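J.: Below is the structure I would like to discuss, written out as structure tokens.
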Amino acid sequence: MGGQPRDHSPEGLALNTPLAAALSAALLVAVLAWAVVRPFGRAEAVMAVPAAGIAVATGAISLAHARAEAERLGPVVGFLAAVLVIAHFCDVEGLFQACGAWTARWAAGRPVRLLSAVFALASAITAVLSLDATIVLLTPVVFATAARTGVRPKPHVYACTHLSNTASLLLPVSNLTNLLAFAASGLSFTRFAALMALPWLAAIGVEYLVFRRFFARDLAAAAPADRAAGTPPRLPLFALVTVGCTLAGFVVASLFGVEPAWVAAGGALVLAGRALARRRATPLTVVRAASPAFLAFVLALGIVVRAVVDNGLADVLDHVVPDGTGLAALLGTAALAALLANLINNLPAVLVLLPLAAPAGPGAVLAVLLGVNIGPNLTYAGSLATLLWRRIVHQHEHDVNLGEFTRLGLLAVPSSLAVAVVALWGSLLVL
């Protein structure tokens, strides 16, 4: 562990005093607490942006470091904005409603079949359209599907939050943490996906087995025989073709060294342009779909986390992050990332750990990603997606028991994380 001290920035550390360290930590705690509670429904950026300003104004982070962090995150944030627009207008085209109707007809009132369909659907949507689409757009559809078929909603709704994290391992576009890791790994789009395919499948498979056992009683309750699935709506071919072309564009762009953000922007432009032309959206709708407040939160959070890193956290973690990409090192890295994600949220965790893991190579970076993507299924605060899912569930007047959520996480997280790390290790050896 440890080894030679790692250089965390080209310019060295900014102010590193006990006062700066305490202030940076306090600002990060305040930002994360606000994101968890969201007083009066205010956006996460309401606290994060002023906190970043305070960090710069007080010298907890130098202006040069703050600017460098914003420049590093800028392309990632732009990519995220484009993916959010794509997901929103896929919903406008009716993609999610069509998927929900398909799952209801295929399940035919049988809870186990519905769970299998939700797993397949949530995994695909998370991987292709990002975890935000699964949380914000698919979760309400799953509630409606469960009500239409008469099955108990709990296993299927819980699957949405678990798979929004676990199933986001496959592609660089699946999660904001993936975008950050993709930039740090030096891998091409196709090689990233090839290395993560086996861990993705392994983690989802373990999750499915855990869900079948944990929710055995709910899944054994048969639905009323008189519930009809109804006639499914037509598949929105335009949205499906656009998403397919965008994914193909990612692969082609990586071969020619073109940034994936340009491809994502193209897909967003096509879908948003169609909606505008058909008067199903306005320019303001497009802007709102990109969630500018959340994008500002991501940038501001990155600056606050960089202040914490500059003022001592990097030195502490430098002594515990394993070196190398052997199986033991990968397991240790992933476990540390999962622990940190549950302590400070997975987005700050990946921002802190990537500079420490990157010198060991892409394998270590991907091990961090396994930890920060699978680990958040243990606690509510592990990821922003889980916090958002909890709010959506409460809006549907469905109770979420903290003890039950945690017990499920204690079964699913260690087993799926361990199996995924072994799968990653095997992928690194073969590929």
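Here's how to read the names in the structure tokens: chain A, B, ... by the order shown, residue numbers from 1 in each chain, ligand numbers from 1 in the order shown.
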Counting only C-alpha atoms, what is within 9 Å of Pro376 of chain A, bar same-chain residues fewer than 3 positions away, as an mmCIF file with N, CA, C and O atoms, in the first residue's frame?
T.:
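Contents of selection.cif, freshly written:
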```cif
data_model
loop_
_atom_site.group_PDB
_atom_site.id
_atom_site.type_symbol
_atom_site.label_atom_id
_atom_site.label_comp_id
_atom_site.auth_asym_id
_atom_site.auth_seq_id
_atom_site.Cartn_x
_atom_site.Cartn_y
_atom_site.Cartn_z
ATOM 1 N N HIS A 162 -31.499 -0.313 -6.989
ATOM 2 C CA HIS A 162 -30.286 -1.127 -6.995
ATOM 3 C C HIS A 162 -29.652 -1.168 -8.386
ATOM 4 O O HIS A 162 -28.428 -1.043 -8.537
ATOM 5 N N ASN A 165 -27.697 1.825 -9.761
ATOM 6 C CA ASN A 165 -26.295 1.863 -9.350
ATOM 7 C C ASN A 165 -25.499 0.721 -9.973
ATOM 8 O O ASN A 165 -24.528 0.935 -10.701
ATOM 9 N N THR A 166 -25.927 -0.512 -9.719
ATOM 10 C CA THR A 166 -25.162 -1.673 -10.168
ATOM 11 C C THR A 166 -25.080 -1.776 -11.689
ATOM 12 O O THR A 166 -24.012 -2.077 -12.242
ATOM 13 N N ALA A 338 -16.106 1.648 -2.015
ATOM 14 C CA ALA A 338 -17.481 1.434 -1.544
ATOM 15 C C ALA A 338 -17.676 2.051 -0.161
ATOM 16 O O ALA A 338 -18.711 2.678 0.107
ATOM 17 N N LEU A 339 -16.698 1.871 0.713
ATOM 18 C CA LEU A 339 -16.789 2.454 2.056
ATOM 19 C C LEU A 339 -16.841 3.973 1.986
ATOM 20 O O LEU A 339 -17.683 4.609 2.646
ATOM 21 N N ALA A 341 -17.770 5.825 -0.511
ATOM 22 C CA ALA A 341 -19.025 6.267 -1.139
ATOM 23 C C ALA A 341 -20.142 6.360 -0.115
ATOM 24 O O ALA A 341 -20.970 7.277 -0.167
ATOM 25 N N ASN A 342 -20.186 5.422 0.818
ATOM 26 C CA ASN A 342 -21.237 5.445 1.824
ATOM 27 C C ASN A 342 -20.976 6.457 2.929
ATOM 28 O O ASN A 342 -21.900 6.835 3.650
ATOM 29 N N ASN A 345 -20.722 9.983 0.000
ATOM 30 C CA ASN A 345 -21.428 9.947 -1.281
ATOM 31 C C ASN A 345 -20.473 9.539 -2.394
ATOM 32 O O ASN A 345 -19.280 9.819 -2.356
ATOM 33 N N ASN A 346 -21.014 8.852 -3.406
ATOM 34 C CA ASN A 346 -20.121 8.256 -4.404
ATOM 35 C C ASN A 346 -19.470 9.271 -5.344
ATOM 36 O O ASN A 346 -18.361 9.038 -5.834
ATOM 37 N N GLY A 371 -16.492 -0.023 -6.927
ATOM 38 C CA GLY A 371 -16.815 0.309 -5.545
ATOM 39 C C GLY A 371 -17.807 1.443 -5.412
ATOM 40 O O GLY A 371 -18.757 1.359 -4.627
ATOM 41 N N VAL A 372 -17.623 2.503 -6.194
ATOM 42 C CA VAL A 372 -18.502 3.673 -6.047
ATOM 43 C C VAL A 372 -19.845 3.484 -6.747
ATOM 44 O O VAL A 372 -20.788 4.242 -6.483
ATOM 45 N N ASN A 373 -19.954 2.488 -7.630
ATOM 46 C CA ASN A 373 -21.243 2.238 -8.281
ATOM 47 C C ASN A 373 -22.069 1.177 -7.565
ATOM 48 O O ASN A 373 -23.289 1.319 -7.443
ATOM 49 N N THR A 379 -26.558 2.173 1.585
ATOM 50 C CA THR A 379 -27.189 3.223 2.394
ATOM 51 C C THR A 379 -27.901 4.230 1.489
ATOM 52 O O THR A 379 -27.591 4.360 0.309
ATOM 53 N N TYR A 380 -28.846 4.972 2.078
ATOM 54 C CA TYR A 380 -29.536 6.024 1.337
ATOM 55 C C TYR A 380 -28.568 7.068 0.798
ATOM 56 O O TYR A 380 -28.724 7.587 -0.307
ATOM 57 N N ALA A 381 -27.574 7.433 1.616
ATOM 58 C CA ALA A 381 -26.690 8.543 1.267
ATOM 59 C C ALA A 381 -25.574 8.144 0.314
ATOM 60 O O ALA A 381 -24.746 8.966 -0.043
ATOM 61 N N GLY A 382 -25.537 6.887 -0.108
ATOM 62 C CA GLY A 382 -24.429 6.427 -0.930
ATOM 63 C C GLY A 382 -24.357 7.083 -2.290
ATOM 64 O O GLY A 382 -23.266 7.264 -2.838
ATOM 65 N N SER A 383 -25.493 7.428 -2.866
ATOM 66 C CA SER A 383 -25.485 8.077 -4.180
ATOM 67 C C SER A 383 -26.663 9.035 -4.283
ATOM 68 O O SER A 383 -27.688 8.858 -3.617
ATOM 69 N N THR A 386 -29.938 7.275 -5.338
ATOM 70 C CA THR A 386 -30.719 6.631 -4.294
ATOM 71 C C THR A 386 -31.553 7.647 -3.525
ATOM 72 O O THR A 386 -32.712 7.384 -3.174
ATOM 73 N N GLY A 409 -29.161 -4.320 1.345
ATOM 74 C CA GLY A 409 -27.839 -3.884 0.928
ATOM 75 C C GLY A 409 -26.725 -4.735 1.494
ATOM 76 O O GLY A 409 -25.730 -5.025 0.807
ATOM 77 N N VAL A 413 -24.601 -5.999 -1.574
ATOM 78 C CA VAL A 413 -23.389 -5.242 -1.904
ATOM 79 C C VAL A 413 -22.117 -6.071 -1.779
ATOM 80 O O VAL A 413 -21.328 -6.139 -2.738
#
```
J.: Which polymer residues have any atom within 12 Å of an atom of Pro348 of chain A, counting only C-alpha atoms, with same-chain residues fewer than 2 positions away left out, as number ranges by chain?
T.: A: 25, 28-29, 31-32, 176-177, 180, 297-309, 313, 337-338, 340-346, 350-354, 372, 381-384
J.: With only C-alpha atoms as the atoms that count, which of A:Leu428, A:Ala289, A:Ala81, A:Ile204 lies nearest to Thr325 of chain A?
T.: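 Closest to Thr325 of chain A of all the choices is A:Leu428.
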J.: Write out as a list in words each polymer residue whose atoms come within 12 Å of Ser254 of chain A, counting only C-alpha atoms; drop sequence neighbours fewer than 2 positions from it.
T.: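 That gives Pro172, Phe182, Gly186, Leu187, Ser188, Phe189, Thr190, Arg191, Phe192, Ala193, Leu247, Ala248, Gly249, Phe250, Val251, Val252, Phe256, Gly257, Val258, Glu259, Pro260, Ala261, Trp262 and Val263 of chain A.
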J.: Find the distance between atom CA of Pro359 of chain A and atom CA of Leu330 of chain A and write it in Å to one decimal.
T.: 13.7 Å
J.: So which residues touch Val46 of chain A within 10 Å, counting only C-alpha atoms, skipping near sequence neighbours fewer than 4 positions away, as a list in words?
T.: Val31, Trp34, Ala35, Arg38, Arg42, Pro50, Ala51, Ala293, Phe294, Ala296 and Phe297 of chain A
J.: Measuring between only C-alpha atoms, which one of A:Leu84, A:Leu195, A:Leu366, A:Leu284 shows the shortest distance to Leu431 of chain A?
T.: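 Closest to Leu431 of chain A of all the choices is A:Leu195.
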J.: Nearest to Leu171 of chain A: which of A:Leu336, A:Leu276, A:Leu369, A:Ala22 is it, counting only C-alpha atoms?
T.: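 Closest to Leu171 of chain A, using only C-alpha atoms: A:Leu369.
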J.: Quick one: DSSP helix (DSSP H, G or I) residues in segment 192-352 of chain A, as number ranges by chain?
T.: A: 192-214, 216-220, 237-255, 260-277, 283-289, 292-318, 327-344, 346-352
J.: For Ala420 of chain A, find every residue with an atom within 9 Å (counting only C-alpha atoms), except residues of its own chain fewer than 3 positions away, and show them as a list of chain:residue names.
T.: A:Met196, A:Leu198, A:Pro199, A:Trp200, A:Leu201, A:Ala202, A:Ala203, A:Leu370, A:Ser415, A:Ser416, A:Leu417, A:Ala423, A:Leu424, A:Trp425
J.: Output the selection as a compact mmCIF listing (two decimals), in the first residue's frame - N, CA, C and O atoms for each residue.
T.:
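Dumped everything to part.txt:
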```txt
# COMPACT_ATOMS: atom_id res chain seq x y z
N MET A 196 -15.67 -3.94 -18.87
CA MET A 196 -16.72 -3.87 -17.85
C MET A 196 -17.90 -4.80 -18.14
O MET A 196 -18.79 -4.94 -17.30
N LEU A 198 -18.20 -8.15 -18.42
CA LEU A 198 -18.32 -9.30 -17.52
C LEU A 198 -18.63 -8.89 -16.08
O LEU A 198 -19.51 -9.49 -15.45
N PRO A 199 -17.95 -7.89 -15.52
CA PRO A 199 -18.35 -7.42 -14.18
C PRO A 199 -19.81 -6.94 -14.14
O PRO A 199 -20.50 -7.17 -13.14
N TRP A 200 -20.26 -6.28 -15.19
CA TRP A 200 -21.66 -5.81 -15.27
C TRP A 200 -22.63 -6.98 -15.19
O TRP A 200 -23.55 -6.98 -14.37
N LEU A 201 -22.41 -7.99 -16.00
CA LEU A 201 -23.28 -9.16 -16.00
C LEU A 201 -23.22 -9.90 -14.67
O LEU A 201 -24.25 -10.34 -14.14
N ALA A 202 -22.02 -10.04 -14.13
CA ALA A 202 -21.85 -10.78 -12.88
C ALA A 202 -22.56 -10.08 -11.73
O ALA A 202 -23.26 -10.72 -10.93
N ALA A 203 -22.41 -8.77 -11.63
CA ALA A 203 -23.03 -8.01 -10.54
C ALA A 203 -24.55 -8.07 -10.64
O ALA A 203 -25.25 -8.26 -9.62
N LEU A 370 -16.15 0.19 -9.69
CA LEU A 370 -16.99 -0.88 -9.13
C LEU A 370 -17.42 -0.53 -7.71
O LEU A 370 -18.59 -0.71 -7.34
N SER A 415 -21.54 -9.30 -1.79
CA SER A 415 -21.49 -10.43 -2.73
C SER A 415 -21.34 -9.96 -4.17
O SER A 415 -20.48 -10.47 -4.92
N SER A 416 -22.15 -8.98 -4.58
CA SER A 416 -22.06 -8.51 -5.97
C SER A 416 -20.75 -7.78 -6.23
O SER A 416 -20.16 -7.92 -7.31
N LEU A 417 -20.24 -7.06 -5.24
CA LEU A 417 -18.98 -6.34 -5.42
C LEU A 417 -17.82 -7.33 -5.55
O LEU A 417 -16.96 -7.18 -6.44
N ALA A 423 -14.51 -10.76 -11.65
CA ALA A 423 -14.78 -10.72 -13.09
C ALA A 423 -13.91 -9.67 -13.77
O ALA A 423 -13.41 -9.90 -14.89
N LEU A 424 -13.72 -8.52 -13.14
CA LEU A 424 -12.84 -7.49 -13.70
C LEU A 424 -11.41 -8.00 -13.79
O LEU A 424 -10.73 -7.79 -14.80
N TRP A 425 -10.93 -8.64 -12.75
CA TRP A 425 -9.58 -9.20 -12.74
C TRP A 425 -9.41 -10.18 -13.90
O TRP A 425 -8.40 -10.16 -14.62
```
J.: Env of Ser116 of chain A: 12 Å cut, atoms = only C-alpha atoms, seq-sep filter 5 positions within chain, self excluded. Answer as a list in words.
T.: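 Non-adjacent residues within range: Thr103, Ala104, Trp106, Ala107, Arg110, Pro111, Leu121, Ala122, Ser123, Pro155, His156, Ala159, Cys160, Ile204, Gly205, Glu207, Tyr208, Leu209, Phe211, Arg212 and Leu219 of chain A.
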J.: Using only C-alpha atoms, which of A:Val92, A:Pro236, A:Arg279, A:Val112 sits nearest Ala221 of chain A?
T.: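 For Ala221 of chain A, the nearest of the given residues is A:Val112.
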J.: Taking into account only C-alpha atoms, which residue in the set A:Ala68, A:Ala57, A:Ala127, A:Asp310 is nearest to Thr17 of chain A?
T.: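 Comparing A:Ala68, A:Ala57, A:Ala127, A:Asp310 against Thr17 of chain A, the winner is A:Asp310.
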J.: So how many Å separate atom CA of Asp132 of chain A and atom CA of Ser164 of chain A, to one decimal?
T.: 7.5 Å
